[in-house]
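To be precise, the following lines are start.txt, and they hold compact mmCIF, N, CA and C atoms.
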```
# COMPACT_ATOMS: atom_id res chain seq x y z
N MET S 1 -6.65 114.48 63.90
CA MET S 1 -7.35 113.55 63.02
C MET S 1 -6.34 112.63 62.35
N ASN S 2 -6.56 111.35 62.44
CA ASN S 2 -5.68 110.35 61.86
C ASN S 2 -5.95 110.23 60.37
N LYS S 3 -4.93 110.47 59.56
CA LYS S 3 -5.11 110.39 58.11
C LYS S 3 -4.35 109.21 57.55
N LYS S 4 -4.91 108.58 56.52
CA LYS S 4 -4.32 107.41 55.87
C LYS S 4 -4.23 107.69 54.37
N LYS S 5 -3.29 107.02 53.71
CA LYS S 5 -3.15 107.18 52.26
C LYS S 5 -3.96 106.13 51.53
N VAL S 6 -4.64 106.58 50.47
CA VAL S 6 -5.44 105.68 49.63
C VAL S 6 -5.17 105.99 48.17
N ALA S 7 -5.46 105.00 47.32
CA ALA S 7 -5.38 105.18 45.87
C ALA S 7 -6.71 105.74 45.39
N VAL S 8 -6.64 106.72 44.49
CA VAL S 8 -7.84 107.35 43.94
C VAL S 8 -7.95 106.96 42.47
N TRP S 9 -9.12 106.41 42.10
CA TRP S 9 -9.40 105.98 40.73
C TRP S 9 -10.49 106.89 40.17
N ASP S 10 -10.13 107.73 39.22
CA ASP S 10 -11.06 108.68 38.59
C ASP S 10 -11.96 107.90 37.63
N THR S 11 -13.29 108.08 37.78
CA THR S 11 -14.23 107.23 37.06
C THR S 11 -15.36 108.05 36.43
N TYR S 12 -15.68 107.72 35.17
CA TYR S 12 -16.77 108.35 34.42
C TYR S 12 -17.62 107.23 33.82
N VAL S 13 -18.93 107.23 34.12
CA VAL S 13 -19.82 106.19 33.58
C VAL S 13 -21.05 106.86 32.99
N LYS S 14 -21.33 106.52 31.75
CA LYS S 14 -22.50 107.08 31.08
C LYS S 14 -23.78 106.43 31.59
N ARG S 15 -24.74 107.28 31.96
CA ARG S 15 -26.05 106.82 32.41
C ARG S 15 -26.94 106.53 31.20
N GLN S 16 -28.02 105.81 31.43
CA GLN S 16 -28.98 105.52 30.37
C GLN S 16 -29.60 106.79 29.80
N ASN S 17 -29.71 107.86 30.61
CA ASN S 17 -30.31 109.11 30.13
C ASN S 17 -29.33 110.01 29.39
N GLY S 18 -28.08 109.56 29.22
CA GLY S 18 -27.08 110.33 28.49
C GLY S 18 -26.18 111.17 29.38
N ASN S 19 -26.56 111.40 30.63
CA ASN S 19 -25.69 112.09 31.57
C ASN S 19 -24.53 111.17 31.93
N VAL S 20 -23.51 111.74 32.55
CA VAL S 20 -22.34 110.96 32.95
C VAL S 20 -22.15 111.09 34.46
N MET S 21 -22.03 109.94 35.12
CA MET S 21 -21.71 109.91 36.55
C MET S 21 -20.20 110.08 36.67
N HIS S 22 -19.77 111.01 37.53
CA HIS S 22 -18.34 111.19 37.78
C HIS S 22 -18.12 110.93 39.27
N PHE S 23 -17.28 109.96 39.58
CA PHE S 23 -16.99 109.63 40.96
C PHE S 23 -15.59 109.05 41.06
N ASP S 24 -15.08 109.03 42.29
CA ASP S 24 -13.78 108.43 42.56
C ASP S 24 -14.00 107.15 43.35
N ILE S 25 -13.22 106.14 43.02
CA ILE S 25 -13.18 104.91 43.80
C ILE S 25 -11.90 104.98 44.62
N LEU S 26 -12.04 104.92 45.94
CA LEU S 26 -10.89 104.99 46.83
C LEU S 26 -10.62 103.60 47.39
N THR S 27 -9.36 103.17 47.33
CA THR S 27 -8.96 101.86 47.85
C THR S 27 -7.64 102.00 48.60
N ASP S 28 -7.20 100.91 49.22
CA ASP S 28 -5.88 100.93 49.85
C ASP S 28 -4.85 101.38 48.82
N SER S 29 -3.87 102.13 49.27
CA SER S 29 -2.88 102.68 48.34
C SER S 29 -2.06 101.61 47.63
N ASP S 30 -2.01 100.42 48.18
CA ASP S 30 -1.26 99.34 47.53
C ASP S 30 -2.14 98.45 46.65
N ASN S 31 -3.42 98.77 46.55
CA ASN S 31 -4.33 97.98 45.72
C ASN S 31 -4.37 98.55 44.31
N LEU S 32 -3.67 97.89 43.40
CA LEU S 32 -3.67 98.30 42.00
C LEU S 32 -4.29 97.22 41.12
N ASN S 33 -5.12 96.38 41.72
CA ASN S 33 -5.80 95.31 41.02
C ASN S 33 -7.00 95.89 40.27
N THR S 34 -6.81 96.16 38.98
CA THR S 34 -7.87 96.83 38.21
C THR S 34 -9.16 96.02 38.16
N ALA S 35 -9.07 94.70 38.10
CA ALA S 35 -10.29 93.89 38.06
C ALA S 35 -11.12 94.13 39.31
N ALA S 36 -10.48 94.17 40.47
CA ALA S 36 -11.19 94.42 41.73
C ALA S 36 -11.75 95.84 41.74
N ILE S 37 -10.98 96.80 41.29
CA ILE S 37 -11.44 98.20 41.26
C ILE S 37 -12.67 98.31 40.38
N PHE S 38 -12.63 97.70 39.19
CA PHE S 38 -13.78 97.76 38.28
C PHE S 38 -15.01 97.09 38.91
N GLU S 39 -14.80 96.01 39.66
CA GLU S 39 -15.92 95.34 40.35
C GLU S 39 -16.53 96.26 41.41
N TYR S 40 -15.70 97.00 42.13
CA TYR S 40 -16.21 97.95 43.12
C TYR S 40 -17.08 99.00 42.42
N GLY S 41 -16.57 99.51 41.31
CA GLY S 41 -17.32 100.50 40.56
C GLY S 41 -18.62 99.94 40.01
N LYS S 42 -18.57 98.71 39.52
CA LYS S 42 -19.77 98.06 38.98
C LYS S 42 -20.83 97.88 40.07
N ALA S 43 -20.41 97.48 41.27
CA ALA S 43 -21.35 97.33 42.38
C ALA S 43 -22.00 98.68 42.70
N TYR S 44 -21.21 99.73 42.68
CA TYR S 44 -21.73 101.06 42.98
C TYR S 44 -22.75 101.52 41.93
N ILE S 45 -22.40 101.40 40.64
CA ILE S 45 -23.34 101.90 39.62
C ILE S 45 -24.59 101.04 39.54
N THR S 46 -24.46 99.76 39.84
CA THR S 46 -25.64 98.89 39.88
C THR S 46 -26.57 99.35 41.02
N ALA S 47 -25.99 99.66 42.17
CA ALA S 47 -26.78 100.15 43.30
C ALA S 47 -27.44 101.49 42.99
N LYS S 48 -26.85 102.26 42.08
CA LYS S 48 -27.38 103.55 41.67
C LYS S 48 -28.38 103.43 40.51
N GLY S 49 -28.73 102.20 40.12
CA GLY S 49 -29.72 101.99 39.07
C GLY S 49 -29.17 102.03 37.67
N GLU S 50 -27.87 101.82 37.52
CA GLU S 50 -27.23 101.83 36.20
C GLU S 50 -26.46 100.53 35.95
N PRO S 51 -27.13 99.37 36.01
CA PRO S 51 -26.42 98.09 35.88
C PRO S 51 -25.80 97.86 34.51
N GLU S 52 -26.25 98.59 33.50
CA GLU S 52 -25.68 98.43 32.16
C GLU S 52 -24.47 99.32 31.93
N GLY S 53 -24.14 100.17 32.90
CA GLY S 53 -22.99 101.06 32.77
C GLY S 53 -21.69 100.28 32.63
N ILE S 54 -20.77 100.85 31.89
CA ILE S 54 -19.49 100.18 31.61
C ILE S 54 -18.39 100.79 32.47
N ILE S 55 -17.63 99.92 33.11
CA ILE S 55 -16.44 100.36 33.84
C ILE S 55 -15.28 99.52 33.35
N ASP S 56 -14.35 100.18 32.69
CA ASP S 56 -13.13 99.54 32.21
C ASP S 56 -12.04 100.61 32.17
N SER S 57 -10.91 100.31 31.55
CA SER S 57 -9.78 101.25 31.55
C SER S 57 -10.06 102.54 30.78
N GLU S 58 -11.08 102.56 29.94
CA GLU S 58 -11.46 103.80 29.25
C GLU S 58 -12.34 104.67 30.13
N HIS S 59 -12.88 104.10 31.19
CA HIS S 59 -13.81 104.82 32.06
C HIS S 59 -13.28 105.03 33.48
N CYS S 60 -12.25 104.30 33.85
CA CYS S 60 -11.74 104.33 35.22
C CYS S 60 -10.23 104.15 35.19
N GLN S 61 -9.51 105.14 35.73
CA GLN S 61 -8.05 105.04 35.76
C GLN S 61 -7.50 105.52 37.09
N PHE S 62 -6.39 104.88 37.49
CA PHE S 62 -5.68 105.34 38.68
C PHE S 62 -5.27 106.77 38.46
N CYS S 63 -5.50 107.60 39.45
CA CYS S 63 -5.22 109.02 39.33
C CYS S 63 -4.04 109.44 40.21
N HIS S 64 -4.15 109.17 41.51
CA HIS S 64 -3.12 109.57 42.45
C HIS S 64 -3.35 108.91 43.80
N VAL S 65 -2.43 109.16 44.72
CA VAL S 65 -2.57 108.71 46.10
C VAL S 65 -2.77 109.95 46.95
N GLU S 66 -3.70 109.88 47.90
CA GLU S 66 -3.92 111.02 48.79
C GLU S 66 -4.27 110.54 50.19
N GLU S 67 -4.23 111.46 51.12
CA GLU S 67 -4.60 111.16 52.49
C GLU S 67 -6.09 111.35 52.68
N VAL S 68 -6.70 110.49 53.49
CA VAL S 68 -8.12 110.60 53.80
C VAL S 68 -8.32 110.50 55.30
N THR S 69 -9.52 110.79 55.73
CA THR S 69 -9.84 110.73 57.14
C THR S 69 -9.94 109.28 57.61
N SER S 70 -9.92 109.11 58.90
CA SER S 70 -10.03 107.76 59.46
C SER S 70 -11.40 107.15 59.16
N GLU S 71 -12.43 107.99 59.00
CA GLU S 71 -13.76 107.47 58.66
C GLU S 71 -13.77 106.81 57.29
N ILE S 72 -13.14 107.44 56.31
CA ILE S 72 -13.07 106.85 54.97
C ILE S 72 -12.20 105.60 55.01
N LYS S 73 -11.11 105.65 55.72
CA LYS S 73 -10.22 104.49 55.82
C LYS S 73 -10.97 103.32 56.48
N LYS S 74 -11.80 103.61 57.47
CA LYS S 74 -12.59 102.56 58.12
C LYS S 74 -13.53 101.90 57.12
N ALA S 75 -14.18 102.71 56.29
CA ALA S 75 -15.08 102.16 55.27
C ALA S 75 -14.31 101.28 54.29
N ILE S 76 -13.11 101.70 53.92
CA ILE S 76 -12.27 100.90 53.01
C ILE S 76 -11.88 99.58 53.68
N ASN S 77 -11.55 99.63 54.95
CA ASN S 77 -11.19 98.40 55.67
C ASN S 77 -12.37 97.45 55.75
N GLN S 78 -13.59 97.98 55.85
CA GLN S 78 -14.78 97.14 55.99
C GLN S 78 -15.23 96.52 54.67
N GLN S 79 -15.21 97.30 53.58
CA GLN S 79 -15.74 96.78 52.32
C GLN S 79 -14.73 96.74 51.18
N GLY S 80 -13.52 97.24 51.39
CA GLY S 80 -12.49 97.19 50.36
C GLY S 80 -12.40 98.46 49.52
N TYR S 81 -13.39 99.33 49.63
CA TYR S 81 -13.39 100.56 48.84
C TYR S 81 -14.33 101.58 49.44
N TYR S 82 -14.23 102.80 48.94
CA TYR S 82 -15.13 103.89 49.32
C TYR S 82 -15.40 104.67 48.04
N ILE S 83 -16.65 105.06 47.83
CA ILE S 83 -17.00 105.85 46.65
C ILE S 83 -17.17 107.31 47.07
N LEU S 84 -16.46 108.17 46.40
CA LEU S 84 -16.60 109.61 46.60
C LEU S 84 -17.37 110.15 45.41
N GLU S 85 -18.63 110.46 45.62
CA GLU S 85 -19.46 110.99 44.53
C GLU S 85 -19.02 112.40 44.20
N LEU S 86 -18.85 112.66 42.92
CA LEU S 86 -18.47 113.99 42.47
C LEU S 86 -19.68 114.58 41.74
N GLU S 87 -19.51 115.12 40.56
CA GLU S 87 -20.64 115.74 39.88
C GLU S 87 -21.28 114.83 38.84
N GLU S 88 -22.55 115.13 38.58
CA GLU S 88 -23.27 114.51 37.46
C GLU S 88 -23.02 115.44 36.28
N ILE S 89 -22.55 114.88 35.18
CA ILE S 89 -22.25 115.70 34.00
C ILE S 89 -23.44 115.56 33.05
N PRO S 90 -24.18 116.67 32.83
CA PRO S 90 -25.37 116.59 31.99
C PRO S 90 -25.04 116.19 30.55
N LYS S 91 -26.02 115.58 29.93
CA LYS S 91 -25.90 115.19 28.52
C LYS S 91 -25.65 116.41 27.65
N ASP S 92 -26.38 117.48 27.93
CA ASP S 92 -26.27 118.71 27.14
C ASP S 92 -25.51 119.78 27.92
N LEU S 93 -24.69 120.51 27.22
CA LEU S 93 -23.90 121.58 27.80
C LEU S 93 -24.78 122.81 28.03
N ALA S 94 -24.55 123.52 29.11
CA ALA S 94 -25.29 124.75 29.40
C ALA S 94 -25.07 125.77 28.28
N SER S 95 -25.99 126.71 28.14
CA SER S 95 -25.90 127.68 27.04
C SER S 95 -24.71 128.63 27.19
N SER S 96 -24.32 129.00 28.38
CA SER S 96 -23.14 129.83 28.63
C SER S 96 -22.26 129.12 29.65
N PRO S 97 -21.57 128.07 29.23
CA PRO S 97 -20.85 127.23 30.19
C PRO S 97 -19.60 127.91 30.77
N THR S 98 -19.30 127.55 32.00
CA THR S 98 -18.06 127.98 32.63
C THR S 98 -16.93 127.08 32.12
N LYS S 99 -15.71 127.44 32.42
CA LYS S 99 -14.57 126.61 32.03
C LYS S 99 -14.72 125.22 32.66
N ARG S 100 -15.10 125.17 33.91
CA ARG S 100 -15.28 123.89 34.61
C ARG S 100 -16.32 123.02 33.91
N GLN S 101 -17.45 123.62 33.50
CA GLN S 101 -18.48 122.86 32.80
C GLN S 101 -17.97 122.36 31.45
N LEU S 102 -17.21 123.19 30.74
CA LEU S 102 -16.64 122.77 29.45
C LEU S 102 -15.69 121.58 29.65
N VAL S 103 -14.81 121.70 30.64
CA VAL S 103 -13.83 120.64 30.89
C VAL S 103 -14.53 119.33 31.23
N PHE S 104 -15.49 119.37 32.15
CA PHE S 104 -16.14 118.13 32.54
C PHE S 104 -17.03 117.57 31.44
N HIS S 105 -17.60 118.42 30.63
CA HIS S 105 -18.38 117.92 29.49
C HIS S 105 -17.44 117.19 28.52
N LEU S 106 -16.30 117.79 28.25
CA LEU S 106 -15.31 117.18 27.35
C LEU S 106 -14.80 115.87 27.93
N LYS S 107 -14.45 115.85 29.22
CA LYS S 107 -13.94 114.64 29.85
C LYS S 107 -15.01 113.55 29.96
N GLY S 108 -16.21 113.94 30.30
CA GLY S 108 -17.26 112.96 30.52
C GLY S 108 -17.80 112.33 29.25
N HIS S 109 -17.84 113.10 28.17
CA HIS S 109 -18.51 112.61 26.97
C HIS S 109 -17.56 112.21 25.83
N TYR S 110 -16.27 112.52 25.95
CA TYR S 110 -15.32 112.20 24.87
C TYR S 110 -14.10 111.52 25.47
N LYS S 111 -14.04 110.20 25.29
CA LYS S 111 -13.02 109.39 25.96
C LYS S 111 -11.59 109.80 25.66
N GLU S 112 -11.34 110.37 24.50
CA GLU S 112 -9.97 110.76 24.16
C GLU S 112 -9.47 111.92 25.03
N HIS S 113 -10.38 112.61 25.73
CA HIS S 113 -10.01 113.72 26.60
C HIS S 113 -10.25 113.41 28.08
N ARG S 114 -10.73 112.22 28.37
CA ARG S 114 -11.23 111.87 29.70
C ARG S 114 -10.25 112.13 30.84
N PHE S 115 -9.01 111.76 30.70
CA PHE S 115 -8.08 111.86 31.83
C PHE S 115 -6.99 112.90 31.62
N LYS S 116 -7.25 113.85 30.75
CA LYS S 116 -6.27 114.91 30.49
C LYS S 116 -6.37 116.02 31.53
N ASN S 117 -5.27 116.73 31.69
CA ASN S 117 -5.22 117.87 32.61
C ASN S 117 -5.44 119.16 31.80
N PHE S 118 -6.46 119.90 32.15
CA PHE S 118 -6.79 121.13 31.45
C PHE S 118 -6.51 122.37 32.29
N SER S 119 -5.69 122.23 33.32
CA SER S 119 -5.43 123.34 34.24
C SER S 119 -4.91 124.60 33.55
N PHE S 120 -4.02 124.43 32.60
CA PHE S 120 -3.40 125.58 31.97
C PHE S 120 -3.85 125.77 30.52
N VAL S 121 -5.02 125.26 30.20
CA VAL S 121 -5.58 125.38 28.86
C VAL S 121 -6.65 126.45 28.90
N SER S 122 -6.63 127.34 27.93
CA SER S 122 -7.59 128.45 27.92
C SER S 122 -9.00 127.96 27.58
N VAL S 123 -9.97 128.75 27.93
CA VAL S 123 -11.36 128.44 27.62
C VAL S 123 -11.54 128.29 26.12
N GLU S 124 -10.89 129.16 25.34
CA GLU S 124 -11.00 129.11 23.88
C GLU S 124 -10.46 127.79 23.34
N GLU S 125 -9.32 127.34 23.87
CA GLU S 125 -8.74 126.07 23.42
C GLU S 125 -9.66 124.90 23.79
N ILE S 126 -10.22 124.94 24.97
CA ILE S 126 -11.14 123.88 25.40
C ILE S 126 -12.37 123.85 24.50
N GLN S 127 -12.91 125.04 24.19
CA GLN S 127 -14.07 125.12 23.31
C GLN S 127 -13.74 124.57 21.93
N ASN S 128 -12.54 124.87 21.43
CA ASN S 128 -12.11 124.34 20.13
C ASN S 128 -12.01 122.81 20.17
N LEU S 129 -11.45 122.26 21.24
CA LEU S 129 -11.37 120.80 21.39
C LEU S 129 -12.76 120.19 21.43
N LEU S 130 -13.67 120.84 22.12
CA LEU S 130 -15.04 120.35 22.21
C LEU S 130 -15.72 120.39 20.85
N ASN S 131 -15.52 121.47 20.11
CA ASN S 131 -16.09 121.58 18.76
C ASN S 131 -15.57 120.48 17.85
N LEU S 132 -14.27 120.22 17.91
CA LEU S 132 -13.67 119.16 17.09
C LEU S 132 -14.21 117.79 17.50
N ALA S 133 -14.32 117.55 18.79
CA ALA S 133 -14.84 116.27 19.27
C ALA S 133 -16.28 116.06 18.81
N GLU S 134 -17.09 117.10 18.86
CA GLU S 134 -18.49 116.99 18.43
C GLU S 134 -18.59 116.73 16.92
N GLN S 135 -17.69 117.34 16.14
CA GLN S 135 -17.70 117.12 14.70
C GLN S 135 -17.30 115.69 14.35
N GLU S 136 -16.38 115.13 15.14
CA GLU S 136 -15.90 113.77 14.86
C GLU S 136 -16.87 112.70 15.36
N ALA S 137 -17.77 113.09 16.25
CA ALA S 137 -18.72 112.09 16.83
C ALA S 137 -19.80 111.69 15.87
```

Please rewrite the model in this file as structure tokens.
Amino acid sequence: MNKKKVAVWDTYVKRQNGNVMHFDILTDSDNLNTAAIFEYGKAYITAKGEPEGIIDSEHCQFCHVEEVTSEIKKAINQQGYYILELEEIPKDLASSPTKRQLVFHLKGHYKEHRFKNFSFVSVEEIQNLLNLAEQEA
């Protein structure tokens, strides 16, 4: 399988219902034109029925470069980008959330934590950060 390198832009956009769309925008690895990246994201969320959603540097940031399949690279060559849909982050947190749910709730709903790495942070610390963020909101 032929693999190509692309730039990955981690993106969080609040829906009208309060949930947060989480997706990656994949582009050529040498494309760091944020205005173009934001336009790709805007086209995607508009097609998903969220034309009022905001995509800017608080909602979309370059994350890393990775290898992708030739199929994804072909889509990028045809339209300039590829959207990798990830999870929908609910407005409300589950009653007994997992660490993953806590992290994505914190990232999706509180911009000051959006692009942080929580790999080595305990569940208790994440819960404390979430409690503080909710108090400050």

Selection: 12 Å around Phe118 (chain S), only C-alpha atoms, excl. self and same-chain fewer than 6 positions, as an NGL selection string: :S and (99-104 or 106-107 or 124-127 or 129)

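Nearest-residue note for Ile54 (chain S): choosing from S:Val6, S:Leu130, S:Val121, S:Val13, the minimum distance belongs to S:Val13, counting only N, CA and C atoms.
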
Top pick for closest residue to Gln79 (chain S), considering S:Leu132, S:Ala43, S:Ala35, S:Ala94 and counting only C-alpha atoms: S:Ala43

Best match for closeness to Lys73 (chain S) among S:Asp10, S:Ala137, S:Thr98, S:Lys4, counting only N, CA and C atoms: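 Of S:Asp10, S:Ala137, S:Thr98, S:Lys4, the one nearest Lys73 (chain S), counting only N, CA and C atoms, is S:Lys4.
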
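Nearest to Asn19 (chain S) of all the residues S:Val65, S:Glu88, S:Tyr40, S:Glu71 is S:Glu88, counting only C-alpha atoms.
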
Atom-to-atom span, atom N of Lys116 (chain S) and atom N of Glu136 (chain S), Å: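 Going from atom N of Lys116 (chain S) over to atom N of Glu136 (chain S), I get 18.1 Å.
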
S:Gln135, S:Asn128, S:Gln61, S:Ser96 ranked by distance to Ala7 (chain S), top pick (using only C-alpha atoms): S:Gln61

Axis-aligned box for all listed atoms of region 84-93 of chain S, 8 Å per side, centre and edges in Å to one decimal, as lines of an AutoDock Vina configuration file:
```
center_x = -21.4
center_y = 115.5
center_z = 36.9
size_x = 25.9
size_y = 30.6
size_z = 35.5
```

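The interatomic distance for the pair atom C of Gly18 (chain S) and atom N of His64 (chain S) works out to 25.2 Å.
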
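Note that the spacing between atom N of Ser95 (chain S) and atom C of Asn17 (chain S) amounts to 17.1 Å.
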
Residue set, chain S restricted to strand (DSSP E), as a VMD selection string: chain S and resid 4 to 14 20 to 28 60 to 68 82 to 89

Lys14 (chain S) surroundings by only C-alpha atoms, 10 Å radius, close-in-sequence under 3 positions cut, as a PyMOL selection string: chain S and resi 17-22+50+52-55+59+88-91+108-109

Chain S: residues DSSP assigns to helix (DSSP H, G or I), reported as a PyMOL selection string: chain S and resi 34-47+70-79+99-109+111-113+123-136
